[in-house]
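Report on the structure given below.
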Amino acid sequence: MRADAKPRRAFLLLLLILPFFLFLLYSYSSSPTPSAAAALLLPTVPLSPYIRMRRGASAYRTYDDYLKHQLAKTLSPRLRRIWSTRDWHRKVAAFAAVFSRLQSANLLSNTSRALCVGARLGQEVAALRLVGVADSVGIDLAPAPPLVLQGDFHRQPFPDARFDFEFSNVFDHALYPARFAAEIERTLRPGGVAVLHVAVHRRGDRYSANDLMDVKGLIGLFGGCEVVEVSKVDAFGLDTEVILRKKMKMTMENKISSPALP
């Protein structure tokens, strides 16, 4: 064998292997960094057989993608024009009727500190103030002063036990239903009341992240509350009202915790 045969064979082998190593290097450099990978929304174990997460919810690459999708509805010029004009008085009147009924049942009073979760432009807040609940405010991803502050219902910007009363009709938009419930429980004082309007067995709009197949799925998320009443309502496409009261004493099993977001 010639003396230069071995080096030539080694050189040819290197030429064959080099593209493979270059491919690996490219794949590694273009893959998400550890911090970015940690922010990816990975599939989760179903919370309950009664809550069905939308297929589209798993398509969000990051939590920011989910927020941007929700904001697309909140900031839609067409919808905001409808909400602030022809829908405004109709919805304020309807919500005022709901809150007046709750006042009559001693579940809400004029001295209550009240929060509306996912309040859009604030019709619910305006209705609360109309019936005499002056200390009322809403939160949404986009603020609508003076009625609605900027806030994410997965991480409410309030201290523990801040409110006597909380209302929401946007449960279907929760990407993390357990977190949504935990934040309501966290910011509700012991003995405080939460009222939720939901759709059961009905699909929401294209911005919904989950479908509630049975009211048991919702109630099961509120381990720190007891059920006051579940009834049928006709509330802008939602058909069920769930009234919950936060327990005065929390057991270790039902101690409120807010699961960390990605």
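Ordered as shown in the structure tokens, chains take letters A, B, and onward, while each chain numbers its residues from 1 and ligands are numbered from 1 in the order shown.
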
Long-range neighbours of Gly217 (chain A) as a PyMOL selection string, 10 Å cut-off, only C-alpha atoms, 6 positions minimum in chain: chain A and resi 47-52+177+200

For Lys249 (chain A), please output as a ChimeraX atom specification all residues within 10 Å (counting only C-alpha atoms; exclusion window: fewer than 6 positions along the same chain). /A:190-191,224-225,255

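Contact shell of Leu188 (chain A) at 12 Å (only C-alpha atoms; same-chain neighbours under 6 positions omitted): Ser112, Arg113, Ala114, Leu115, Cys116, Gln156, Phe158, Pro159, Asp160, Ala161, Arg162, Phe163, Asp164, Phe165, Glu166, Phe167, Ala181, Ala182, Ala194, Val195, Phe222, Gly224, Cys225, Leu244, Arg245, Lys246, Lys247, Met248 and Ile256 of chain A.
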
Please dump the current selection as an mmCIF file, in the first residue's frame; keep N, CA and C atoms.
data_model
loop_
_atom_site.group_PDB
_atom_site.id
_atom_site.type_symbol
_atom_site.label_atom_id
_atom_site.label_comp_id
_atom_site.auth_asym_id
_atom_site.auth_seq_id
_atom_site.Cartn_x
_atom_site.Cartn_y
_atom_site.Cartn_z
ATOM 1 N N SER A 112 -69.910 46.339 49.175
ATOM 2 C CA SER A 112 -69.006 45.302 48.673
ATOM 3 C C SER A 112 -67.902 45.915 47.821
ATOM 4 N N ARG A 113 -66.712 45.353 47.953
ATOM 5 C CA ARG A 113 -65.649 45.625 46.999
ATOM 6 C C ARG A 113 -65.784 44.599 45.886
ATOM 7 N N ALA A 114 -66.031 45.068 44.673
ATOM 8 C CA ALA A 114 -66.400 44.152 43.593
ATOM 9 C C ALA A 114 -65.406 44.206 42.436
ATOM 10 N N LEU A 115 -65.184 43.035 41.835
ATOM 11 C CA LEU A 115 -64.294 42.908 40.677
ATOM 12 C C LEU A 115 -65.019 42.164 39.563
ATOM 13 N N CYS A 116 -64.915 42.693 38.345
ATOM 14 C CA CYS A 116 -65.423 41.997 37.164
ATOM 15 C C CYS A 116 -64.212 41.495 36.379
ATOM 16 N N GLN A 156 -54.037 37.823 38.546
ATOM 17 C CA GLN A 156 -54.697 39.081 38.899
ATOM 18 C C GLN A 156 -53.732 40.034 39.612
ATOM 19 N N PHE A 158 -53.814 41.960 42.108
ATOM 20 C CA PHE A 158 -54.365 42.388 43.389
ATOM 21 C C PHE A 158 -53.845 41.502 44.516
ATOM 22 N N PRO A 159 -53.823 42.026 45.733
ATOM 23 C CA PRO A 159 -53.398 41.214 46.877
ATOM 24 C C PRO A 159 -54.459 40.192 47.266
ATOM 25 N N ASP A 160 -54.077 39.277 48.133
ATOM 26 C CA ASP A 160 -55.006 38.260 48.626
ATOM 27 C C ASP A 160 -56.194 38.916 49.335
ATOM 28 N N ALA A 161 -57.353 38.258 49.217
ATOM 29 C CA ALA A 161 -58.554 38.643 49.960
ATOM 30 C C ALA A 161 -58.940 40.109 49.753
ATOM 31 N N ARG A 162 -58.792 40.599 48.546
ATOM 32 C CA ARG A 162 -59.060 42.022 48.261
ATOM 33 C C ARG A 162 -60.553 42.292 48.054
ATOM 34 N N PHE A 163 -61.313 41.317 47.543
ATOM 35 C CA PHE A 163 -62.678 41.604 47.109
ATOM 36 C C PHE A 163 -63.718 40.799 47.891
ATOM 37 N N ASP A 164 -64.915 41.410 47.997
ATOM 38 C CA ASP A 164 -66.070 40.738 48.608
ATOM 39 C C ASP A 164 -66.898 40.007 47.559
ATOM 40 N N PHE A 165 -66.756 40.438 46.306
ATOM 41 C CA PHE A 165 -67.609 39.918 45.239
ATOM 42 C C PHE A 165 -66.829 39.931 43.929
ATOM 43 N N GLU A 166 -66.922 38.823 43.167
ATOM 44 C CA GLU A 166 -66.294 38.772 41.854
ATOM 45 C C GLU A 166 -67.272 38.163 40.853
ATOM 46 N N PHE A 167 -67.287 38.751 39.676
ATOM 47 C CA PHE A 167 -68.171 38.289 38.610
ATOM 48 C C PHE A 167 -67.358 38.069 37.351
ATOM 49 N N ALA A 181 -59.470 29.885 38.194
ATOM 50 C CA ALA A 181 -60.245 29.673 39.421
ATOM 51 C C ALA A 181 -59.430 30.019 40.659
ATOM 52 N N ALA A 182 -58.163 29.609 40.675
ATOM 53 C CA ALA A 182 -57.318 29.854 41.844
ATOM 54 C C ALA A 182 -57.122 31.340 42.095
ATOM 55 N N ALA A 194 -68.484 34.599 44.562
ATOM 56 C CA ALA A 194 -68.106 34.631 43.148
ATOM 57 C C ALA A 194 -69.299 34.161 42.324
ATOM 58 N N VAL A 195 -69.599 34.891 41.268
ATOM 59 C CA VAL A 195 -70.694 34.535 40.362
ATOM 60 C C VAL A 195 -70.116 34.393 38.963
ATOM 61 N N PHE A 222 -62.985 24.930 42.127
ATOM 62 C CA PHE A 222 -63.104 25.838 43.273
ATOM 63 C C PHE A 222 -63.179 25.042 44.579
ATOM 64 N N GLY A 224 -61.862 25.695 47.325
ATOM 65 C CA GLY A 224 -61.961 26.547 48.499
ATOM 66 C C GLY A 224 -63.300 27.224 48.647
ATOM 67 N N CYS A 225 -64.274 26.838 47.833
ATOM 68 C CA CYS A 225 -65.600 27.459 47.875
ATOM 69 C C CYS A 225 -66.680 26.396 48.041
ATOM 70 N N LEU A 244 -70.859 30.851 44.029
ATOM 71 C CA LEU A 244 -69.971 30.189 44.975
ATOM 72 C C LEU A 244 -69.642 31.136 46.129
ATOM 73 N N ARG A 245 -69.433 30.566 47.298
ATOM 74 C CA ARG A 245 -69.012 31.366 48.452
ATOM 75 C C ARG A 245 -67.701 30.788 48.995
ATOM 76 N N LYS A 246 -66.716 31.654 49.169
ATOM 77 C CA LYS A 246 -65.431 31.190 49.680
ATOM 78 C C LYS A 246 -65.563 30.761 51.136
ATOM 79 N N LYS A 247 -65.013 29.598 51.443
ATOM 80 C CA LYS A 247 -65.100 29.061 52.792
ATOM 81 C C LYS A 247 -64.369 29.960 53.784
ATOM 82 N N MET A 248 -64.893 30.008 54.984
ATOM 83 C CA MET A 248 -64.298 30.860 56.005
ATOM 84 C C MET A 248 -62.955 30.306 56.475
ATOM 85 N N ILE A 256 -55.731 27.435 48.895
ATOM 86 C CA ILE A 256 -55.659 28.019 47.561
ATOM 87 C C ILE A 256 -54.218 28.138 47.107
#

Residues within 7 Å of region 90-95 of chain A, please, as a tab-separated table (two decimals) with N, CA, C and O atoms, in the first residue's frame. Count only C-alpha atoms; anything in the same chain fewer than 2 positions from it doesn't count.
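Final output, out36.tsv:
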chain	number	residue	atom	x	y	z
A	87	ASP	N	-74.61	48.02	21.96
A	87	ASP	CA	-74.62	47.00	23.01
A	87	ASP	C	-74.56	47.58	24.41
A	87	ASP	O	-74.90	46.90	25.38
A	88	TRP	N	-74.09	48.80	24.53
A	88	TRP	CA	-73.76	49.33	25.85
A	88	TRP	C	-74.97	49.34	26.79
A	88	TRP	O	-74.95	48.70	27.86
A	97	ALA	N	-79.81	44.07	36.22
A	97	ALA	CA	-80.88	43.19	36.70
A	97	ALA	C	-80.30	42.00	37.46
A	97	ALA	O	-80.83	41.57	38.50
A	98	VAL	N	-79.21	41.44	36.94
A	98	VAL	CA	-78.54	40.32	37.62
A	98	VAL	C	-78.04	40.76	39.00
A	98	VAL	O	-78.27	40.07	40.01
A	99	PHE	N	-77.38	41.90	39.05
A	99	PHE	CA	-76.80	42.35	40.32
A	99	PHE	C	-77.88	42.78	41.32
A	99	PHE	O	-77.72	42.57	42.53
A	123	GLN	N	-69.08	47.11	30.84
A	123	GLN	CA	-70.53	47.18	31.05
A	123	GLN	C	-70.93	46.63	32.42
A	123	GLN	O	-71.81	47.17	33.08
A	124	GLU	N	-70.27	45.53	32.83
A	124	GLU	CA	-70.58	44.94	34.13
A	124	GLU	C	-70.26	45.91	35.27
A	124	GLU	O	-71.01	46.02	36.24
A	126	ALA	N	-70.10	49.22	35.06
A	126	ALA	CA	-71.09	50.30	35.01
A	126	ALA	C	-72.40	49.86	35.65
A	126	ALA	O	-73.06	50.65	36.35
A	127	ALA	N	-72.79	48.61	35.45
A	127	ALA	CA	-74.03	48.09	36.04
A	127	ALA	C	-73.92	48.00	37.55
A	127	ALA	O	-74.88	48.33	38.27

As a list in words, please: every residue in region 124-177 of chain A that a backbone DSSP assignment puts in helix (DSSP H, G or I). Glu124, Val125, Ala126, Ala127, Leu128, Arg129, Leu130, Phe171, Asp172, His173 and Pro177 of chain A
